[in-house]
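Enquirer: input21.txt is the file, holding compact mmCIF, C-alpha atoms and all ligand atoms:
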# COMPACT_ATOMS: atom_id res chain seq x y z
CA MET Q 635 -47.47 27.63 2.36
CA ARG Q 636 -47.30 27.93 6.11
CA ARG Q 637 -47.50 24.17 6.39
CA PHE Q 638 -44.63 23.86 3.89
CA ALA Q 639 -42.52 26.27 5.95
CA ALA Q 640 -43.35 24.31 9.09
CA SER Q 641 -42.29 21.05 7.50
CA LEU Q 642 -39.10 22.71 6.32
CA THR Q 643 -38.41 23.80 9.88
CA LEU Q 644 -39.12 20.26 11.04
CA ALA Q 645 -36.76 18.87 8.41
CA ALA Q 646 -34.07 21.31 9.50
CA ALA Q 647 -34.61 20.36 13.14
CA ALA Q 648 -34.34 16.67 12.21
CA LEU Q 649 -31.07 17.38 10.43
CA VAL Q 650 -29.70 19.21 13.46
CA LEU Q 651 -30.84 16.35 15.68
CA ALA Q 652 -29.20 13.82 13.36
CA ALA Q 653 -25.99 15.81 13.57
CA PHE Q 654 -26.20 15.67 17.35
CA ALA Q 655 -26.99 11.96 17.35
CA GLN Q 656 -23.86 11.27 15.24
CA PRO Q 657 -21.33 13.82 16.43
CA GLN Q 658 -18.14 14.11 14.43
CA TRP Q 659 -15.11 13.19 16.49
CA ARG Q 660 -13.18 16.13 17.92
CA TRP Q 661 -9.45 15.60 18.21
CA ASP Q 662 -7.50 17.57 20.76
CA LEU Q 663 -4.70 18.75 18.46
CA PRO Q 664 -2.17 21.57 18.71
CA PRO Q 665 -2.32 24.43 16.21
CA GLY Q 666 -1.03 23.46 12.79
CA VAL Q 667 -1.86 19.76 13.10
CA ALA Q 668 -4.82 18.65 10.97
CA PRO Q 669 -7.06 15.79 12.06
CA PRO Q 670 -6.28 12.47 10.37
CA ALA Q 671 -8.24 11.46 7.28
CA VAL Q 672 -11.24 9.23 7.99
CA PRO Q 673 -12.52 6.77 5.35
CA ALA Q 674 -15.99 7.67 4.05
CA ASP Q 675 -17.31 4.21 4.89
CA ASN Q 676 -16.17 4.32 8.51
CA PRO Q 677 -17.14 7.69 9.99
CA MET Q 678 -16.08 8.46 13.55
CA SER Q 679 -18.55 8.51 16.44
CA ALA Q 680 -18.15 8.42 20.20
CA ALA Q 681 -20.07 5.13 20.36
CA LYS Q 682 -17.81 3.52 17.77
CA VAL Q 683 -14.60 4.70 19.45
CA GLU Q 684 -15.82 3.37 22.80
CA LEU Q 685 -16.66 0.00 21.22
CA GLY Q 686 -13.27 -0.10 19.50
CA ARG Q 687 -11.55 0.68 22.75
CA ARG Q 688 -13.34 -2.16 24.52
CA LEU Q 689 -12.42 -4.58 21.69
CA PHE Q 690 -8.77 -3.41 21.78
CA TYR Q 691 -8.63 -4.38 25.46
CA ASP Q 692 -10.51 -7.68 25.12
CA GLY Q 693 -8.55 -10.97 25.15
CA ASP Q 694 -11.74 -12.73 24.00
CA LEU Q 695 -10.84 -11.63 20.50
CA SER Q 696 -8.19 -14.38 20.51
CA ALA Q 697 -8.58 -18.13 20.05
CA ASP Q 698 -7.87 -19.06 23.68
CA GLY Q 699 -8.88 -15.79 25.32
CA THR Q 700 -5.34 -14.89 26.35
CA VAL Q 701 -4.11 -12.36 23.76
CA GLY Q 702 -5.63 -8.94 23.15
CA CYS Q 703 -4.19 -6.06 21.13
CA PHE Q 704 -3.14 -4.43 24.40
CA ASN Q 705 -0.85 -7.34 25.34
CA CYS Q 706 1.55 -6.28 22.62
CA HIS Q 707 0.51 -2.61 22.45
CA GLY Q 708 0.57 -1.42 26.09
CA GLN Q 709 -0.32 2.22 26.67
CA HIS Q 710 2.39 2.99 29.21
CA ARG Q 711 5.06 2.01 26.70
CA GLY Q 712 3.60 4.12 23.93
CA PHE Q 713 1.46 1.14 22.84
CA THR Q 714 4.40 -1.23 22.51
CA GLU Q 715 5.81 -3.81 24.93
CA SER Q 716 9.06 -4.93 26.44
CA ASN Q 717 9.83 -8.20 24.64
CA ALA Q 718 11.92 -8.31 21.46
CA VAL Q 719 9.05 -10.28 19.96
CA HIS Q 720 5.85 -11.33 21.73
CA PRO Q 721 4.33 -14.80 21.36
CA GLY Q 722 0.79 -15.19 20.06
CA VAL Q 723 -1.86 -17.60 21.39
CA LYS Q 724 -0.65 -20.96 22.75
CA GLY Q 725 2.93 -19.73 22.70
CA ALA Q 726 3.07 -19.35 18.89
CA PRO Q 727 6.43 -17.71 18.24
CA GLY Q 728 6.41 -13.99 17.47
CA ARG Q 729 8.30 -12.66 14.53
CA ARG Q 730 8.82 -8.90 14.82
CA ASN Q 731 8.87 -6.16 17.42
CA ALA Q 732 5.51 -4.55 18.29
CA MET Q 733 5.12 -1.03 16.92
CA MET Q 734 4.23 2.25 18.63
CA LEU Q 735 0.66 3.22 17.77
CA GLY Q 736 0.74 6.99 18.41
CA ASN Q 737 -0.36 8.91 15.28
CA VAL Q 738 -0.82 5.69 13.34
CA ALA Q 739 -3.93 7.24 11.76
CA TYR Q 740 -1.67 9.55 9.74
CA LEU Q 741 0.37 6.77 8.12
CA SER Q 742 -0.11 5.46 4.59
CA ALA Q 743 2.35 2.59 5.01
CA LEU Q 744 1.63 0.33 7.97
CA THR Q 745 3.81 -2.36 9.58
CA TRP Q 746 7.55 -2.99 9.21
CA ALA Q 747 7.71 -4.46 5.76
CA ASP Q 748 4.36 -4.90 4.02
CA PRO Q 749 3.49 -2.05 1.64
CA THR Q 750 0.08 -3.57 0.95
CA GLN Q 751 -0.98 -2.66 4.51
CA ARG Q 752 -2.49 0.75 3.77
CA THR Q 753 -5.49 1.11 6.09
CA LEU Q 754 -6.15 0.49 9.75
CA GLU Q 755 -9.34 -1.37 8.88
CA THR Q 756 -7.43 -4.02 6.89
CA GLN Q 757 -4.45 -4.10 9.24
CA VAL Q 758 -6.60 -5.20 12.21
CA LEU Q 759 -7.32 -8.48 10.44
CA THR Q 760 -3.61 -9.40 10.45
CA PRO Q 761 -3.17 -9.83 14.23
CA LEU Q 762 -6.70 -11.21 14.47
CA MET Q 763 -6.53 -13.83 11.68
CA GLY Q 764 -2.90 -13.89 10.55
CA GLU Q 765 -1.02 -17.19 10.36
CA HIS Q 766 2.51 -15.89 9.78
CA PRO Q 767 2.90 -15.34 12.68
CA VAL Q 768 -0.16 -16.53 14.61
CA GLU Q 769 -1.00 -13.73 17.06
CA MET Q 770 -4.67 -13.91 18.08
CA GLY Q 771 -5.31 -17.10 16.11
CA MET Q 772 -8.89 -16.48 14.94
CA LYS Q 773 -8.46 -17.75 11.38
CA GLY Q 774 -11.34 -20.15 10.77
CA GLN Q 775 -12.89 -19.08 14.09
CA GLU Q 776 -15.02 -16.23 12.67
CA ALA Q 777 -18.29 -17.85 13.73
CA GLU Q 778 -16.93 -18.40 17.23
CA LEU Q 779 -15.93 -14.73 17.44
CA VAL Q 780 -19.44 -13.66 16.41
CA ARG Q 781 -20.92 -16.10 18.94
CA ARG Q 782 -18.77 -14.79 21.79
CA LEU Q 783 -19.47 -11.13 21.12
CA SER Q 784 -23.19 -11.68 20.47
CA ALA Q 785 -23.56 -13.54 23.77
CA ASP Q 786 -22.79 -10.30 25.63
CA ALA Q 787 -25.77 -7.96 25.99
CA CYS Q 788 -23.54 -4.92 26.36
CA TYR Q 789 -21.62 -5.74 23.15
CA ARG Q 790 -24.98 -6.15 21.33
CA ARG Q 791 -25.97 -2.69 22.49
CA GLN Q 792 -22.58 -1.19 21.67
CA PHE Q 793 -22.53 -2.60 18.12
CA ALA Q 794 -26.09 -1.31 17.55
CA GLU Q 795 -25.06 2.17 18.72
CA ALA Q 796 -21.79 2.18 16.79
CA PHE Q 797 -23.38 0.97 13.54
CA PRO Q 798 -26.93 2.38 13.58
CA GLY Q 799 -29.20 0.89 10.93
CA GLU Q 800 -26.84 -2.02 10.25
CA ALA Q 801 -28.52 -5.09 11.66
CA GLY Q 802 -26.18 -8.00 12.33
CA ALA Q 803 -23.11 -5.79 12.47
CA ILE Q 804 -21.36 -8.13 14.89
CA ASP Q 805 -18.81 -9.62 12.49
CA PRO Q 806 -15.05 -9.34 11.80
CA PRO Q 807 -15.31 -6.40 9.33
CA HIS Q 808 -17.25 -4.33 11.88
CA VAL Q 809 -14.89 -5.37 14.68
CA ALA Q 810 -12.10 -4.04 12.45
CA LYS Q 811 -13.96 -0.79 11.75
CA ALA Q 812 -14.56 -0.12 15.45
CA ILE Q 813 -10.94 -0.86 16.42
CA ALA Q 814 -9.70 1.34 13.58
CA ALA Q 815 -11.90 4.20 14.84
CA PHE Q 816 -10.35 3.81 18.30
CA GLU Q 817 -6.86 3.74 16.80
CA ARG Q 818 -7.60 7.06 15.05
CA THR Q 819 -7.93 8.64 18.48
CA LEU Q 820 -4.36 7.61 19.42
CA VAL Q 821 -2.80 10.97 18.65
CA SER Q 822 0.43 12.04 20.32
CA PHE Q 823 1.49 15.66 19.89
CA GLY Q 824 1.90 16.65 23.55
CA SER Q 825 5.62 16.06 24.19
CA ASP Q 826 8.09 18.61 25.54
CA TYR Q 827 9.30 18.95 21.95
CA ASP Q 828 5.78 20.01 20.87
CA LYS Q 829 5.57 22.42 23.80
CA GLY Q 830 8.95 23.89 22.86
CA VAL Q 831 10.46 23.15 26.28
CA LEU Q 832 13.76 21.44 25.56
CA SER Q 833 16.63 21.01 28.02
CA GLU Q 834 20.04 22.32 26.93
CA ALA Q 835 21.14 18.75 26.16
CA ALA Q 836 17.98 18.11 24.15
CA LYS Q 837 18.54 21.33 22.18
CA ARG Q 838 22.06 20.22 21.31
CA GLY Q 839 20.64 16.81 20.42
CA GLN Q 840 18.15 18.46 18.08
CA GLY Q 841 21.15 19.99 16.33
CA VAL Q 842 22.82 16.56 16.01
CA PHE Q 843 19.54 15.12 14.68
CA ALA Q 844 19.42 17.80 12.00
CA LYS Q 845 23.11 17.62 11.09
CA ALA Q 846 23.20 13.82 10.89
CA GLY Q 847 20.27 13.86 8.45
CA CYS Q 848 18.02 11.75 10.67
CA ALA Q 849 15.00 13.70 9.42
CA THR Q 850 15.45 12.46 5.84
CA CYS Q 851 13.59 9.37 7.04
CA HIS Q 852 12.35 10.28 10.54
CA ALA Q 853 10.70 13.25 8.90
CA GLY Q 854 8.43 16.08 9.96
CA ARG Q 855 6.12 16.16 12.92
CA LEU Q 856 5.44 12.43 12.73
CA PHE Q 857 9.18 11.59 12.81
CA THR Q 858 8.65 9.09 9.98
CA ASP Q 859 8.23 9.33 6.22
CA ALA Q 860 5.47 6.70 6.33
CA ASP Q 861 2.77 9.28 5.56
CA ALA Q 862 3.83 9.78 1.92
CA ALA Q 863 1.38 9.24 -0.94
CA ASP Q 864 3.67 6.52 -2.30
CA PRO Q 865 4.11 4.01 0.53
CA LEU Q 866 7.20 2.49 -1.08
CA THR Q 867 9.28 5.58 -0.26
CA ALA Q 868 9.13 4.75 3.47
CA PHE Q 869 11.21 1.55 3.35
CA HIS Q 870 14.95 1.81 3.89
CA ARG Q 871 17.91 -0.44 4.59
CA ILE Q 872 19.91 1.05 7.45
CA GLU Q 873 22.40 -1.80 7.84
CA PRO Q 874 23.49 -4.82 5.78
CA ALA Q 875 20.55 -7.21 5.42
CA ASP Q 876 20.62 -10.28 7.65
CA ALA Q 877 19.34 -13.64 6.52
CA ALA Q 878 16.75 -13.92 9.29
CA ASP Q 879 14.28 -11.40 7.84
CA PRO Q 880 14.07 -10.47 4.16
CA GLY Q 881 12.11 -7.30 4.96
CA LEU Q 882 10.32 -5.59 2.08
CA SER Q 883 11.53 -8.10 -0.55
CA GLU Q 884 9.33 -10.77 1.04
CA ILE Q 885 6.34 -8.92 -0.44
CA THR Q 886 7.80 -7.26 -3.53
CA GLY Q 887 10.02 -10.17 -4.57
CA LYS Q 888 12.74 -7.71 -5.59
CA ALA Q 889 16.30 -8.45 -4.51
CA GLN Q 890 17.07 -4.74 -3.97
CA ASP Q 891 14.35 -4.60 -1.30
CA THR Q 892 16.05 -7.17 0.91
CA GLY Q 893 16.63 -5.76 4.40
CA ARG Q 894 14.45 -2.70 3.84
CA PHE Q 895 12.04 -1.80 6.64
CA ARG Q 896 9.56 1.00 7.14
CA THR Q 897 10.86 3.98 9.07
CA PRO Q 898 9.38 3.79 12.59
CA SER Q 899 8.14 7.00 14.21
CA LEU Q 900 10.46 8.23 16.96
CA ARG Q 901 7.66 9.62 19.10
CA ASN Q 902 7.60 8.00 22.56
CA VAL Q 903 10.66 6.03 21.48
CA ALA Q 904 12.32 6.37 24.93
CA LEU Q 905 9.49 4.18 26.29
CA SER Q 906 9.55 1.51 23.62
CA SER Q 907 12.78 -0.47 24.11
CA PRO Q 908 13.78 -2.88 22.63
CA TYR Q 909 14.24 -1.47 19.13
CA LEU Q 910 14.35 -2.28 15.42
CA HIS Q 911 12.11 -4.71 13.54
CA ASP Q 912 13.44 -7.70 15.48
CA GLY Q 913 13.87 -6.02 18.85
CA SER Q 914 17.60 -6.69 18.65
CA ALA Q 915 18.74 -3.27 19.95
CA ARG Q 916 18.23 -2.73 23.67
CA THR Q 917 19.08 0.94 23.98
CA LEU Q 918 18.55 4.02 21.85
CA ALA Q 919 22.30 4.34 21.39
CA ASP Q 920 22.47 0.72 20.13
CA ALA Q 921 19.62 1.36 17.69
CA ILE Q 922 21.16 4.58 16.40
CA ARG Q 923 24.66 3.09 16.00
CA ARG Q 924 23.17 0.27 13.91
CA HIS Q 925 22.45 2.85 11.15
CA GLU Q 926 25.19 2.85 8.54
CA GLY Q 927 27.08 6.11 8.85
CA ALA Q 928 26.05 6.71 12.47
CA SER Q 929 28.86 4.73 14.06
CA ASP Q 930 31.02 7.87 14.31
CA ILE Q 931 28.56 9.69 16.59
CA GLY Q 932 30.61 10.23 19.76
CA ASP Q 933 29.41 9.52 23.32
CA ALA Q 934 28.69 13.16 24.23
CA GLN Q 935 26.75 13.73 21.01
CA MET Q 936 24.91 10.45 21.56
CA ALA Q 937 23.87 11.58 25.06
CA ASP Q 938 22.49 14.80 23.55
CA LEU Q 939 20.72 12.90 20.78
CA THR Q 940 19.03 10.55 23.25
CA ALA Q 941 18.04 13.56 25.38
CA PHE Q 942 16.35 14.99 22.29
CA LEU Q 943 14.58 11.69 21.58
CA GLY Q 944 13.51 11.62 25.24
CA ALA Q 945 11.79 14.97 24.68
CA LEU Q 946 9.49 13.20 22.20
CA THR Q 947 7.83 11.31 25.08
CA ASP Q 948 4.22 12.38 25.51
CA GLN Q 949 3.28 11.68 29.14
CA GLY Q 950 -0.30 12.82 28.58
CA PHE Q 951 -0.72 10.29 25.79
CA VAL Q 952 0.65 7.31 27.68
CA THR Q 953 -1.41 8.05 30.81
CA ASP Q 954 -4.64 9.37 29.24
CA PRO Q 955 -7.43 7.34 30.90
CA LYS Q 956 -9.57 7.72 27.76
CA LEU Q 957 -7.05 5.57 25.87
CA GLY Q 958 -6.54 3.01 28.62
CA LEU Q 959 -8.40 -0.08 29.80
CA PRO Q 960 -12.10 0.88 30.04
CA LYS Q 961 -13.31 1.30 33.64
CA THR Q 962 -17.00 1.05 32.82
CA ARG Q 963 -19.08 -1.13 30.54
CA CYS Q 964 -22.40 0.16 29.20
CA GLY Q 965 -22.40 2.74 31.98
CA LYS Q 966 -21.68 0.23 34.78
CA PRO Q 967 -18.37 0.27 36.68
CA LEU Q 968 -16.32 -2.87 36.09
C1 LIG Q 1001 1.34 -10.86 19.60
C2 LIG Q 1001 1.61 -9.44 19.57
C3 LIG Q 1001 0.63 -8.52 18.87
C4 LIG Q 1001 -0.73 -8.46 19.00
C5 LIG Q 1001 -1.63 -9.35 19.83
C6 LIG Q 1001 -1.16 -7.35 18.20
N1 LIG Q 1001 -0.10 -6.75 17.60
FE1 LIG Q 1001 -0.13 -5.09 16.42
N2 LIG Q 1001 1.79 -5.37 15.95
C7 LIG Q 1001 2.59 -6.37 16.45
C8 LIG Q 1001 3.79 -6.49 15.66
C9 LIG Q 1001 4.91 -7.49 15.88
C10 LIG Q 1001 3.70 -5.51 14.64
C11 LIG Q 1001 4.63 -5.34 13.46
C12 LIG Q 1001 4.24 -6.45 12.49
C13 LIG Q 1001 5.08 -6.55 11.25
O1 LIG Q 1001 5.52 -5.53 10.74
O2 LIG Q 1001 5.31 -7.68 10.77
C14 LIG Q 1001 2.43 -4.82 14.87
C15 LIG Q 1001 1.99 -3.76 14.10
C16 LIG Q 1001 0.77 -3.11 14.30
C17 LIG Q 1001 0.34 -1.94 13.59
C18 LIG Q 1001 1.13 -1.13 12.59
C19 LIG Q 1001 1.71 0.12 13.24
C20 LIG Q 1001 2.53 0.94 12.32
O3 LIG Q 1001 3.15 1.91 12.77
O4 LIG Q 1001 2.60 0.64 11.13
C21 LIG Q 1001 -0.92 -1.64 14.04
C22 LIG Q 1001 -1.81 -0.50 13.60
C23 LIG Q 1001 -1.27 -2.66 15.01
N3 LIG Q 1001 -0.21 -3.53 15.16
C24 LIG Q 1001 -2.49 -2.75 15.65
C25 LIG Q 1001 -2.90 -3.88 16.37
C26 LIG Q 1001 -4.27 -4.15 16.77
C27 LIG Q 1001 -5.45 -3.24 16.50
C28 LIG Q 1001 -4.28 -5.34 17.41
C29 LIG Q 1001 -5.46 -6.12 17.96
C30 LIG Q 1001 -6.50 -6.46 16.97
C31 LIG Q 1001 -2.90 -5.82 17.44
N4 LIG Q 1001 -2.10 -4.91 16.78
C32 LIG Q 1001 -2.49 -6.98 18.07
C33 LIG Q 1001 2.30 -7.17 17.53
C34 LIG Q 1001 1.01 -7.44 17.96
C1 LIG Q 1002 17.72 6.20 5.51
C2 LIG Q 1002 16.62 6.41 6.45
C3 LIG Q 1002 16.98 6.64 7.91
C4 LIG Q 1002 17.83 7.58 8.45
C5 LIG Q 1002 18.64 8.65 7.72
C6 LIG Q 1002 17.81 7.38 9.87
N1 LIG Q 1002 16.95 6.35 10.20
FE1 LIG Q 1002 16.55 5.67 12.05
N2 LIG Q 1002 15.53 4.11 11.25
C7 LIG Q 1002 15.26 3.94 9.92
C8 LIG Q 1002 14.66 2.64 9.73
C9 LIG Q 1002 14.20 2.05 8.39
C10 LIG Q 1002 14.58 2.05 10.99
C11 LIG Q 1002 14.08 0.63 11.28
C12 LIG Q 1002 15.18 -0.34 10.88
C13 LIG Q 1002 14.95 -1.77 11.35
O1 LIG Q 1002 14.02 -2.03 12.10
O2 LIG Q 1002 15.73 -2.66 11.00
C14 LIG Q 1002 15.10 3.02 11.93
C15 LIG Q 1002 15.15 2.83 13.31
C16 LIG Q 1002 15.53 3.81 14.22
C17 LIG Q 1002 15.40 3.72 15.64
C18 LIG Q 1002 14.71 2.57 16.40
C19 LIG Q 1002 13.25 2.90 16.55
C20 LIG Q 1002 12.35 1.75 16.91
O3 LIG Q 1002 11.21 2.00 17.32
O4 LIG Q 1002 12.74 0.60 16.78
C21 LIG Q 1002 15.92 4.86 16.19
C22 LIG Q 1002 15.98 5.21 17.64
C23 LIG Q 1002 16.39 5.66 15.08
N3 LIG Q 1002 16.11 4.99 13.91
C24 LIG Q 1002 17.00 6.89 15.21
C25 LIG Q 1002 17.65 7.54 14.17
C26 LIG Q 1002 18.53 8.66 14.34
C27 LIG Q 1002 18.84 9.33 15.65
C28 LIG Q 1002 19.01 8.97 13.10
C29 LIG Q 1002 20.06 10.00 12.73
C30 LIG Q 1002 21.35 9.78 13.34
C31 LIG Q 1002 18.37 8.06 12.15
N4 LIG Q 1002 17.59 7.19 12.84
C32 LIG Q 1002 18.55 8.10 10.78
C33 LIG Q 1002 15.54 4.82 8.90
C34 LIG Q 1002 16.44 5.88 9.02
Transcribe the structure of this file into structure tokens.
Expert:
Amino acid sequence: MRRFAASLTLAAAALVLAAFAQPQWRWDLPPGVAPPAVPADNPMSAAKVELGRRLFYDGDLSADGTVGCFNCHGQHRGFTESNAVHPGVKGAPGRRNAMMLGNVAYLSALTWADPTQRTLETQVLTPLMGEHPVEMGMKGQEAELVRRLSADACYRRQFAEAFPGEAGAIDPPHVAKAIAAFERTLVSFGSDYDKGVLSEAAKRGQGVFAKAGCATCHAGRLFTDADAADPLTAFHRIEPADAADPGLSEITGKAQDTGRFRTPSLRNVALSSPYLHDGSARTLADAIRRHEGASDIGDAQMADLTAFLGALTDQGFVTDPKLGLPKTRCGKPL
């Protein structure tokens, strides 16, 4: 009996130890904001997030070593970048404007116009392997990717720690899982708006935002409706469709979806010029006036509106060293 009790205690201790060995991720979130959902087959861990972060900042994930996720998703611009569209490897032409990654873990509809992109794990494979456009150009290069990563002793250790008990985890699906785990840490709820410190102009702008109905699409705390259970509700046509990009209809094949794009979040939007799916609007005022029905917003109201959008910038998020280029590798300074 005593031995049984002792083994129970041991079992309990082992459980506690296991819990410590695989700590759940703790998000630093303001009151009222729930952590994002995490898929059961890709639990969070500090080791996995650190691996994902290293992969996010590694150009070696591309065919010629020149294009990493961070080249198009730069932290200081809210994980976007300054070109209308950014070329992929070997100058392959880009197609659409890079998107802001803050709070992407909360979205059920990812990318500008593809409602089949529902999870971060699958989305990663698009820049990595996609051919329309070619971004990182690794289609057909899977073995080369495995070879490159496996050649690095620190990567071998990091994959083993991130995926304990999964021998041979260095492959594209696990690369995607680790990057997705890192992306789930990109939360941005620390703006002046969240802190409730708005300038007088920003307060007036908040009124314009409400009155003009902007929140029908740029809804709630995420400033997008892309978190709905039905992803198709997040695609809208804000201006007459142009021939250059069919938008949602490219995937659905339905004529009425031509020119519909997913509502982008407006968080950190002041940092992410140029705007719209093709980067064709240089300023916030340009982007706003492109919405049908917004052309009558006067200059004074527009200044207030852009002051309000400016209050959605989260300085902590775009300068947080934990989300930036890693400074150490397997404990050694770089
Ligand atoms: C060459 C530039 C480029 C590179 C490299 C790139 N992206 Fe992107 N990213 C984009 C563009 C452009 C879009 C929008 C694509 C579209 O809608 O057609 C996008 C969209 C996204 C989205 C969707 C965001 C949202 O709000 O729906 C995520 C997530 C993302 N990228 C993550 C990544 C990750 C992770 C990597 C590295 C594996 C990466 N990207 C590499 C340009 C790039
Ligand atoms: C019917 C839904 C809808 C409404 C209402 C709406 N938007 Fe948008 N907004 C969108 C969509 C969709 C896009 C992307 C369109 C594209 O890329 O072609 C967008 C793009 C933007 C952008 C550019 C963001 C970026 O990252 O490129 C800004 C800024 C913006 N909207 C602000 C506003 C403001 C301010 C209002 C109110 C005056 C408003 N929107 C009303 C759906 C809407």
Enquirer: Counting only C-alpha atoms and all ligand atoms, what are the residues of chain Q within 7 Å of ligand LIG 1002 (chain Q), and for each of them which pair of atoms is the nearest and at what distance in Å, to one decimal? Sort the table by chain and rising number, as CSV.
Expert:
residue,atom,partner,partner_atom,distance
Q:Met733,CA,Q:LIG1002,O3,6.8
Q:Phe843,CA,Q:LIG1002,C29,5.5
Q:Ala846,CA,Q:LIG1002,C30,5.1
Q:Gly847,CA,Q:LIG1002,C5,5.5
Q:Cys848,CA,Q:LIG1002,C29,3.4
Q:Ala849,CA,Q:LIG1002,C5,6.5
Q:Thr850,CA,Q:LIG1002,C5,5.3
Q:Cys851,CA,Q:LIG1002,C2,4.3
Q:His852,CA,Q:LIG1002,N1,6.1
Q:Phe869,CA,Q:LIG1002,C9,5.9
Q:His870,CA,Q:LIG1002,C9,4.6
Q:Arg871,CA,Q:LIG1002,C9,5.9
Q:Ile872,CA,Q:LIG1002,C9,5.9
Q:Arg894,CA,Q:LIG1002,C9,6.6
Q:Phe895,CA,Q:LIG1002,C9,4.7
Q:Arg896,CA,Q:LIG1002,C9,4.9
Q:Thr897,CA,Q:LIG1002,C9,3.9
Q:Pro898,CA,Q:LIG1002,O3,5.4
Q:Ser899,CA,Q:LIG1002,O3,6.6
Q:Leu900,CA,Q:LIG1002,C19,6.0
Q:Val903,CA,Q:LIG1002,O3,5.8
Q:Ser906,CA,Q:LIG1002,O3,6.5
Q:Pro908,CA,Q:LIG1002,O4,6.9
Q:Tyr909,CA,Q:LIG1002,O4,3.5
Q:Leu910,CA,Q:LIG1002,O1,3.3
Q:His911,CA,Q:LIG1002,O1,3.6
Q:Asp912,CA,Q:LIG1002,O1,6.6
Q:Leu918,CA,Q:LIG1002,C22,5.1
Q:Ala921,CA,Q:LIG1002,C18,5.2
Q:Ile922,CA,Q:LIG1002,C24,4.9
Q:His925,CA,Q:LIG1002,C32,6.6
Q:Ala928,CA,Q:LIG1002,C30,5.7
Q:Leu939,CA,Q:LIG1002,C27,6.5
Enquirer: Output as a Markdown table one row per residue of range 706-823 of chain Q within 8 Å of range 875-886 of chain Q: the closest atom pair and its distance in Å to one decimal place, counting all atoms listed in the file, sorted by chain and residue number ascending.
Expert:
| residue | atom | partner | partner_atom | distance |
| --- | --- | --- | --- | --- |
| Q:Trp746 | CA | Q:Gly881 | CA | 7.6 |
| Q:Ala747 | CA | Q:Leu882 | CA | 4.7 |
| Q:Asp748 | CA | Q:Leu882 | CA | 6.3 |
| Q:Pro749 | CA | Q:Leu882 | CA | 7.7 |
Enquirer: Return as CSV the residues of chain Q lying at most 8 Å from ligand LIG 1001 (chain Q), together with the closest atom-to-atom pair for each and the distance in Å to one decimal, counting only C-alpha atoms and all ligand atoms, with rows in chain order and ascending residue number.
Expert:
residue,atom,partner,partner_atom,distance
Q:Leu689,CA,Q:LIG1001,C30,7.8
Q:Phe690,CA,Q:LIG1001,C29,5.7
Q:Leu695,CA,Q:LIG1001,C30,7.6
Q:Val701,CA,Q:LIG1001,C5,5.5
Q:Gly702,CA,Q:LIG1001,C5,5.2
Q:Cys703,CA,Q:LIG1001,C29,3.4
Q:Phe704,CA,Q:LIG1001,C32,6.9
Q:Asn705,CA,Q:LIG1001,C5,5.9
Q:Cys706,CA,Q:LIG1001,C2,4.4
Q:His707,CA,Q:LIG1001,N1,6.4
Q:Val719,CA,Q:LIG1001,C9,6.4
Q:His720,CA,Q:LIG1001,C1,5.0
Q:Pro721,CA,Q:LIG1001,C1,5.2
Q:Gly722,CA,Q:LIG1001,C1,4.4
Q:Val723,CA,Q:LIG1001,C1,7.7
Q:Gly728,CA,Q:LIG1001,C1,6.3
Q:Arg729,CA,Q:LIG1001,C9,6.3
Q:Arg730,CA,Q:LIG1001,C9,4.3
Q:Asn731,CA,Q:LIG1001,C9,4.5
Q:Ala732,CA,Q:LIG1001,C8,3.7
Q:Met733,CA,Q:LIG1001,C15,5.0
Q:Met734,CA,Q:LIG1001,O3,6.0
Q:Leu735,CA,Q:LIG1001,C19,5.6
Q:Gly736,CA,Q:LIG1001,O3,8.0
Q:Val738,CA,Q:LIG1001,O3,5.5
Q:Leu741,CA,Q:LIG1001,O4,7.2
Q:Ala743,CA,Q:LIG1001,O4,6.4
Q:Leu744,CA,Q:LIG1001,O4,3.3
Q:Thr745,CA,Q:LIG1001,O4,3.6
Q:Trp746,CA,Q:LIG1001,O1,3.6
Q:Ala747,CA,Q:LIG1001,O1,5.5
Q:Asp748,CA,Q:LIG1001,O1,6.8
Q:Leu754,CA,Q:LIG1001,C22,5.9
Q:Gln757,CA,Q:LIG1001,C22,6.2
Q:Val758,CA,Q:LIG1001,C27,4.9
Q:Leu759,CA,Q:LIG1001,C30,6.9
Q:Thr760,CA,Q:LIG1001,C30,7.7
Q:Pro761,CA,Q:LIG1001,C32,4.8
Q:Leu762,CA,Q:LIG1001,C30,5.4
Q:Val768,CA,Q:LIG1001,C1,7.7
Q:Glu769,CA,Q:LIG1001,C1,4.5
Q:Met770,CA,Q:LIG1001,C5,5.8
Q:Ala810,CA,Q:LIG1001,C30,7.6
Q:Ile813,CA,Q:LIG1001,C27,6.0
Q:Ala814,CA,Q:LIG1001,C27,6.9
Q:Glu817,CA,Q:LIG1001,C27,7.1
Q:Pro898,CA,Q:LIG1001,O3,6.5
Q:Ser899,CA,Q:LIG1001,O3,7.3
Q:His911,CA,Q:LIG1001,O1,7.2
Enquirer: Nearest to Asp954 in chain Q: which of Q:Leu820, Q:Val831, Q:Leu905, Q:Met772 is it, counting all atoms listed in the file?
Expert: Q:Leu820
Enquirer: Taking (-8.1, 0.1, 26.6) in the coordinates of the supplied file, I want to know which residues reach to within 7 Å of it, counting only C-alpha atoms; could you give the answer as a list of chain:residue names?
Expert: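 With a cut-off of 7 Å, the residues come to Q:Arg687, Q:Arg688, Q:Phe690, Q:Tyr691, Q:Leu957, Q:Gly958, Q:Leu959, Q:Pro960.
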Enquirer: To one decimal in Å, tell me the separation between CA of Gln775 in chain Q and CA of Pro677 in chain Q.
Expert: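 Computing it gives 27.4 Å between the two atoms.
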